[in-house]
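> Here you go, this is model-v1.cif (mmCIF, C-alpha atoms; chains and numbers go by the auth columns).
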data_final
#
loop_
_atom_site.group_PDB
_atom_site.id
_atom_site.type_symbol
_atom_site.label_atom_id
_atom_site.label_comp_id
_atom_site.label_asym_id
_atom_site.label_seq_id
_atom_site.Cartn_x
_atom_site.Cartn_y
_atom_site.Cartn_z
_atom_site.B_iso_or_equiv
_atom_site.auth_seq_id
_atom_site.auth_asym_id
ATOM 1 C CA MET A 1 28.404 17.544 44.014 0.00 164 A
ATOM 2 C CA ASN A 2 27.417 19.999 41.284 0.00 165 A
ATOM 3 C CA MET A 3 27.311 18.198 37.898 0.00 166 A
ATOM 4 C CA LYS A 4 27.049 20.171 34.668 0.00 167 A
ATOM 5 C CA ILE A 5 27.095 19.148 31.021 0.00 168 A
ATOM 6 C CA GLU A 6 27.861 21.710 28.339 0.00 169 A
ATOM 7 C CA LEU A 7 28.731 21.875 24.662 0.00 170 A
ATOM 8 C CA VAL A 8 32.434 22.401 24.092 0.00 171 A
ATOM 9 C CA PRO A 9 33.291 25.146 21.587 0.00 172 A
ATOM 10 C CA ARG A 10 36.143 24.616 19.137 0.00 173 A
ATOM 11 C CA GLU A 11 38.483 26.883 21.104 0.00 174 A
ATOM 12 C CA ARG A 12 38.184 24.494 24.073 0.00 175 A
ATOM 13 C CA SER A 13 38.368 21.247 22.067 0.00 176 A
ATOM 14 C CA GLN A 14 41.658 20.350 23.772 0.00 177 A
ATOM 15 C CA VAL A 15 39.803 19.423 26.957 0.00 178 A
ATOM 16 C CA ILE A 16 38.022 16.617 25.069 0.00 179 A
ATOM 17 C CA ARG A 17 41.277 15.596 23.332 0.00 180 A
ATOM 18 C CA HIS A 18 43.048 15.368 26.691 0.00 181 A
ATOM 19 C CA LEU A 19 40.243 13.416 28.375 0.00 182 A
ATOM 20 C CA MET A 20 40.181 11.115 25.331 0.00 183 A
ATOM 21 C CA GLN A 21 43.628 9.844 26.386 0.00 184 A
ATOM 22 C CA PHE A 22 42.137 8.526 29.650 0.00 185 A
ATOM 23 C CA TYR A 23 39.182 7.070 27.775 0.00 186 A
ATOM 24 C CA LEU A 24 41.458 5.226 25.369 0.00 187 A
ATOM 25 C CA TYR A 25 43.571 4.020 28.286 0.00 188 A
ATOM 26 C CA ASP A 26 40.440 2.500 29.849 0.00 189 A
ATOM 27 C CA PHE A 27 39.692 0.785 26.538 0.00 190 A
ATOM 28 C CA THR A 28 43.042 -1.035 26.499 0.00 191 A
ATOM 29 C CA LYS A 29 41.248 -3.629 28.667 0.00 192 A
ATOM 30 C CA TYR A 30 38.847 -4.359 25.804 0.00 193 A
ATOM 31 C CA LEU A 31 40.520 -3.411 22.533 0.00 194 A
ATOM 32 C CA ASN A 32 44.024 -3.685 21.111 0.00 195 A
ATOM 33 C CA ILE A 33 45.076 -0.026 21.418 0.00 196 A
ATOM 34 C CA ASP A 34 48.677 1.060 21.969 0.00 197 A
ATOM 35 C CA VAL A 35 50.457 4.309 22.664 0.00 198 A
ATOM 36 C CA ASP A 36 53.099 5.652 20.293 0.00 199 A
ATOM 37 C CA SER A 37 56.800 6.011 21.147 0.00 200 A
ATOM 38 C CA ASN A 38 55.960 9.236 23.035 0.00 201 A
ATOM 39 C CA GLY A 39 53.366 7.500 25.211 0.00 202 A
ATOM 40 C CA ILE A 40 50.373 9.073 23.440 0.00 203 A
ATOM 41 C CA PHE A 41 47.321 7.210 22.200 0.00 204 A
ATOM 42 C CA PRO A 42 46.342 7.830 18.567 0.00 205 A
ATOM 43 C CA GLU A 43 43.936 10.631 17.700 0.00 206 A
ATOM 44 C CA TYR A 44 40.323 9.516 17.977 0.00 207 A
ATOM 45 C CA PRO A 45 39.084 9.041 14.386 0.00 208 A
ATOM 46 C CA GLY A 46 36.745 11.779 13.241 0.00 209 A
ATOM 47 C CA LEU A 47 37.005 13.869 16.412 0.00 210 A
ATOM 48 C CA ASP A 48 37.475 17.119 14.443 0.00 211 A
ATOM 49 C CA ALA A 49 34.071 16.598 12.812 0.00 212 A
ATOM 50 C CA PHE A 50 32.456 17.339 16.175 0.00 213 A
ATOM 51 C CA TRP A 51 33.472 20.962 15.650 0.00 214 A
ATOM 52 C CA SER A 52 33.005 21.173 11.881 0.00 215 A
ATOM 53 C CA GLU A 53 29.564 19.505 11.692 0.00 216 A
ATOM 54 C CA GLU A 54 27.928 21.503 14.474 0.00 217 A
ATOM 55 C CA ASP A 55 24.386 20.773 13.282 0.00 218 A
ATOM 56 C CA ARG A 56 24.969 17.008 13.416 0.00 219 A
ATOM 57 C CA LYS A 57 27.687 16.278 15.993 0.00 220 A
ATOM 58 C CA PHE A 58 27.739 17.493 19.578 0.00 221 A
ATOM 59 C CA PRO A 59 30.783 17.332 21.918 0.00 222 A
ATOM 60 C CA PHE A 60 29.863 17.713 25.583 0.00 223 A
ATOM 61 C CA LEU A 61 32.052 18.209 28.613 0.00 224 A
ATOM 62 C CA ILE A 62 30.823 16.759 31.893 0.00 225 A
ATOM 63 C CA THR A 63 32.009 18.648 34.970 0.00 226 A
ATOM 64 C CA SER A 64 31.664 18.025 38.668 0.00 227 A
ATOM 65 C CA ASP A 65 32.086 21.062 40.902 0.00 228 A
ATOM 66 C CA GLU A 66 33.524 22.860 37.833 0.00 229 A
ATOM 67 C CA ALA A 67 36.310 20.249 37.323 0.00 230 A
ATOM 68 C CA PRO A 68 36.347 18.158 34.123 0.00 231 A
ATOM 69 C CA ALA A 69 34.836 14.770 34.958 0.00 232 A
ATOM 70 C CA GLY A 70 34.215 13.271 31.506 0.00 233 A
ATOM 71 C CA PHE A 71 32.699 13.824 28.101 0.00 234 A
ATOM 72 C CA ALA A 72 29.969 12.655 25.759 0.00 235 A
ATOM 73 C CA LEU A 73 29.903 12.649 21.955 0.00 236 A
ATOM 74 C CA VAL A 74 26.408 12.643 20.460 0.00 237 A
ATOM 75 C CA GLU A 75 25.530 12.352 16.775 0.00 238 A
ATOM 76 C CA ARG A 76 22.269 13.262 15.094 0.00 239 A
ATOM 77 C CA CYS A 77 21.545 10.564 12.521 0.00 240 A
ATOM 78 C CA GLU A 78 20.335 11.112 8.985 0.00 241 A
ATOM 79 C CA PRO A 79 16.619 11.978 8.827 0.00 242 A
ATOM 80 C CA ASP A 80 15.874 8.638 7.174 0.00 243 A
ATOM 81 C CA GLY A 81 17.571 6.679 9.962 0.00 244 A
ATOM 82 C CA LYS A 82 15.308 3.688 10.391 0.00 245 A
ATOM 83 C CA ASP A 83 16.178 2.853 14.003 0.00 246 A
ATOM 84 C CA ASN A 84 17.383 6.009 15.687 0.00 247 A
ATOM 85 C CA ASP A 85 17.613 9.799 15.571 0.00 248 A
ATOM 86 C CA TYR A 86 20.573 10.054 17.965 0.00 249 A
ATOM 87 C CA TYR A 87 23.611 7.923 18.628 0.00 250 A
ATOM 88 C CA LEU A 88 25.681 8.207 21.780 0.00 251 A
ATOM 89 C CA THR A 89 29.014 7.761 20.018 0.00 252 A
ATOM 90 C CA GLU A 90 31.181 7.907 23.139 0.00 253 A
ATOM 91 C CA PHE A 91 30.547 8.466 26.839 0.00 254 A
ATOM 92 C CA PHE A 92 33.274 8.690 29.449 0.00 255 A
ATOM 93 C CA VAL A 93 33.353 9.450 33.160 0.00 256 A
ATOM 94 C CA MET A 94 36.700 9.521 34.944 0.00 257 A
ATOM 95 C CA GLN A 95 37.113 6.816 37.572 0.00 258 A
ATOM 96 C CA LYS A 96 37.156 9.362 40.391 0.00 259 A
ATOM 97 C CA TYR A 97 33.541 10.284 39.541 0.00 260 A
ATOM 98 C CA ARG A 98 32.144 6.845 38.817 0.00 261 A
ATOM 99 C CA ARG A 99 29.469 5.525 41.172 0.00 262 A
ATOM 100 C CA SER A 100 28.750 9.090 42.325 0.00 263 A
ATOM 101 C CA GLY A 101 25.733 9.744 40.112 0.00 264 A
ATOM 102 C CA VAL A 102 27.633 11.979 37.680 0.00 265 A
ATOM 103 C CA GLY A 103 27.271 9.546 34.759 0.00 266 A
ATOM 104 C CA THR A 104 23.607 8.889 35.421 0.00 267 A
ATOM 105 C CA ARG A 105 22.744 12.571 35.655 0.00 268 A
ATOM 106 C CA ALA A 106 24.778 13.395 32.532 0.00 269 A
ATOM 107 C CA ALA A 107 23.068 10.625 30.537 0.00 270 A
ATOM 108 C CA TYR A 108 19.604 11.737 31.657 0.00 271 A
ATOM 109 C CA GLU A 109 20.383 15.332 30.715 0.00 272 A
ATOM 110 C CA LEU A 110 21.533 14.262 27.230 0.00 273 A
ATOM 111 C CA PHE A 111 18.363 12.220 26.712 0.00 274 A
ATOM 112 C CA GLU A 112 16.260 15.227 27.749 0.00 275 A
ATOM 113 C CA ARG A 113 18.206 17.632 25.553 0.00 276 A
ATOM 114 C CA PHE A 114 17.665 15.523 22.426 0.00 277 A
ATOM 115 C CA PRO A 115 14.163 14.009 22.457 0.00 278 A
ATOM 116 C CA GLY A 116 13.697 11.199 19.974 0.00 279 A
ATOM 117 C CA ARG A 117 14.900 7.699 19.167 0.00 280 A
ATOM 118 C CA TRP A 118 18.273 6.792 20.679 0.00 281 A
ATOM 119 C CA LYS A 119 20.931 4.143 20.174 0.00 282 A
ATOM 120 C CA VAL A 120 23.650 3.403 22.753 0.00 283 A
ATOM 121 C CA THR A 121 26.278 0.732 22.020 0.00 284 A
ATOM 122 C CA GLN A 122 28.918 -0.991 24.144 0.00 285 A
ATOM 123 C CA VAL A 123 31.918 -3.138 23.280 0.00 286 A
ATOM 124 C CA ARG A 124 31.084 -6.850 23.543 0.00 287 A
ATOM 125 C CA ASN A 125 33.469 -7.628 26.396 0.00 288 A
ATOM 126 C CA ASN A 126 32.870 -4.429 28.417 0.00 289 A
ATOM 127 C CA VAL A 127 30.298 -5.968 30.736 0.00 290 A
ATOM 128 C CA ILE A 128 30.577 -3.101 33.235 0.00 291 A
ATOM 129 C CA ALA A 129 29.441 -0.573 30.600 0.00 292 A
ATOM 130 C CA GLN A 130 26.683 -2.935 29.482 0.00 293 A
ATOM 131 C CA ALA A 131 25.359 -3.216 33.054 0.00 294 A
ATOM 132 C CA PHE A 132 25.541 0.582 33.497 0.00 295 A
ATOM 133 C CA TRP A 133 23.610 1.347 30.298 0.00 296 A
ATOM 134 C CA ARG A 134 20.988 -1.365 30.799 0.00 297 A
ATOM 135 C CA LYS A 135 20.351 -0.005 34.291 0.00 298 A
ATOM 136 C CA ILE A 136 20.309 3.680 33.288 0.00 299 A
ATOM 137 C CA ILE A 137 18.208 3.180 30.160 0.00 300 A
ATOM 138 C CA GLY A 138 15.925 0.752 31.973 0.00 301 A
ATOM 139 C CA GLU A 139 15.292 3.266 34.751 0.00 302 A
ATOM 140 C CA TYR A 140 14.893 6.171 32.337 0.00 303 A
ATOM 141 C CA THR A 141 12.405 4.362 30.079 0.00 304 A
ATOM 142 C CA GLY A 142 10.642 2.255 32.701 0.00 305 A
ATOM 143 C CA GLY A 143 12.107 -0.812 30.991 0.00 306 A
ATOM 144 C CA ARG A 144 10.854 0.154 27.534 0.00 307 A
ATOM 145 C CA PHE A 145 13.914 -0.434 25.385 0.00 308 A
ATOM 146 C CA ARG A 146 15.065 -3.157 23.039 0.00 309 A
ATOM 147 C CA GLU A 147 18.510 -4.595 22.651 0.00 310 A
ATOM 148 C CA LYS A 148 20.176 -5.877 19.501 0.00 311 A
ATOM 149 C CA PHE A 149 23.579 -7.451 18.996 0.00 312 A
ATOM 150 C CA HIS A 150 25.837 -6.620 16.058 0.00 313 A
ATOM 151 C CA PRO A 151 25.872 -9.769 13.876 0.00 314 A
ATOM 152 C CA GLU A 152 29.678 -9.930 13.427 0.00 315 A
ATOM 153 C CA LEU A 153 31.133 -8.055 16.397 0.00 316 A
ATOM 154 C CA GLY A 154 28.579 -9.084 19.018 0.00 317 A
ATOM 155 C CA ASN A 155 28.411 -5.559 20.474 0.00 318 A
ATOM 156 C CA PRO A 156 25.083 -4.896 22.211 0.00 319 A
ATOM 157 C CA SER A 157 23.066 -1.760 21.419 0.00 320 A
ATOM 158 C CA GLN A 158 20.059 -0.469 23.297 0.00 321 A
ATOM 159 C CA PHE A 159 17.307 1.329 21.355 0.00 322 A
ATOM 160 C CA PHE A 160 14.753 3.523 23.114 0.00 323 A
ATOM 161 C CA VAL A 161 12.664 6.662 22.778 0.00 324 A
ATOM 162 C CA THR A 162 12.905 9.722 25.009 0.00 325 A
#
Written as structure tokens, that's how I'd like the structure from this file.


Amino acid sequence: MNMKIELVPRERSQVIRHLMQFYLYDFTKYLNIDVDSNGIFPEYPGLDAFWSEEDRKFPFLITSDEAPAGFALVERCEPDGKDNDYYLTEFFVMQKYRRSGVGTRAAYELFERFPGRWKVTQVRNNVIAQAFWRKIIGEYTGGRFREKFHPELGNPSQFFVT
């Protein structure tokens, strides 16, 4: 399996928008999200900024053997960010590619591409994502990461340095 991760230019932004529908569908298990009367999930808030703030927001397409397999949205934080330089805003791998190493390799490549202090957050009741990120980050850092929980929402975040 040939995994690749590449920045998506504005003229190809539809691929992320289309994959976002599957991502939002997956999230219906954890959040109260509904489709409209046409069967479409709402537009992801702030998605356009990933093509208008190119020095701060980075939309990546993950492919496997040249077929779209998922996406990652990475944000560079303000220079005075006290805890992190980069935030993995969203990360999605289609079910067909899960447990194949695609997600792990994509995450590692992102961490290598943006050296610095990272933050990765999961929804409180998405225990599968929490297990994935604790394992991946733990392996990548040799166990050198810290975890904090959002005081109101209870969402866990892992903080680490690449």

> Which protein, DNA or RNA residues have an atom at most 7 Å from (11.4, 11.8, 30.8), counting all atoms listed in the file? List them as a list in words.

Glu275, Tyr303 and Thr325 of chain A

> Between A:Val324, A:Ile203, A:Leu273, A:Leu316, which is the closest to A:Thr304 once you count only C-alpha atoms?

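Ranking A:Val324, A:Ile203, A:Leu273, A:Leu316 by distance to A:Thr304, first place goes to A:Val324.
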
> How would you write, as a list in words, the residues chosen by the PyMOL selection byres ((chain A and resi 281) around 10) on this structure?

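Going through the file, the PyMOL selection byres ((chain A and resi 281) around 10) ends up selecting Glu238, Arg239, Cys240, Asp246, Asn247, Asp248, Tyr249, Tyr250, Leu251, Phe274, Phe277, Pro278, Gly279, Arg280, Lys282, Val283, Phe308, Ser320, Gln321, Phe322, Phe323, Val324 and Thr325 of chain A.
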
> Do you have the atom CA of A:Val290-atom CA of A:Asn318 distance handy?

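Atom CA of A:Asn318 lies 10.4 Å from atom CA of A:Val290.
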
> Mind pulling up the distance from atom CA of A:Phe221 to atom CA of A:Tyr207?

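Atom CA of A:Tyr207 sits 15.0 Å away from atom CA of A:Phe221.
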
> Report as a list in words all protein, DNA and RNA residues lying within 10 Å of A:Leu194, evaluated on all atoms listed in the file, omitting residues in the same chain fewer than 6 positions from it.

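Final neighbour list, sorted by chain and number: Leu187, Tyr188, Val286, Asn288 and Asn289 of chain A.
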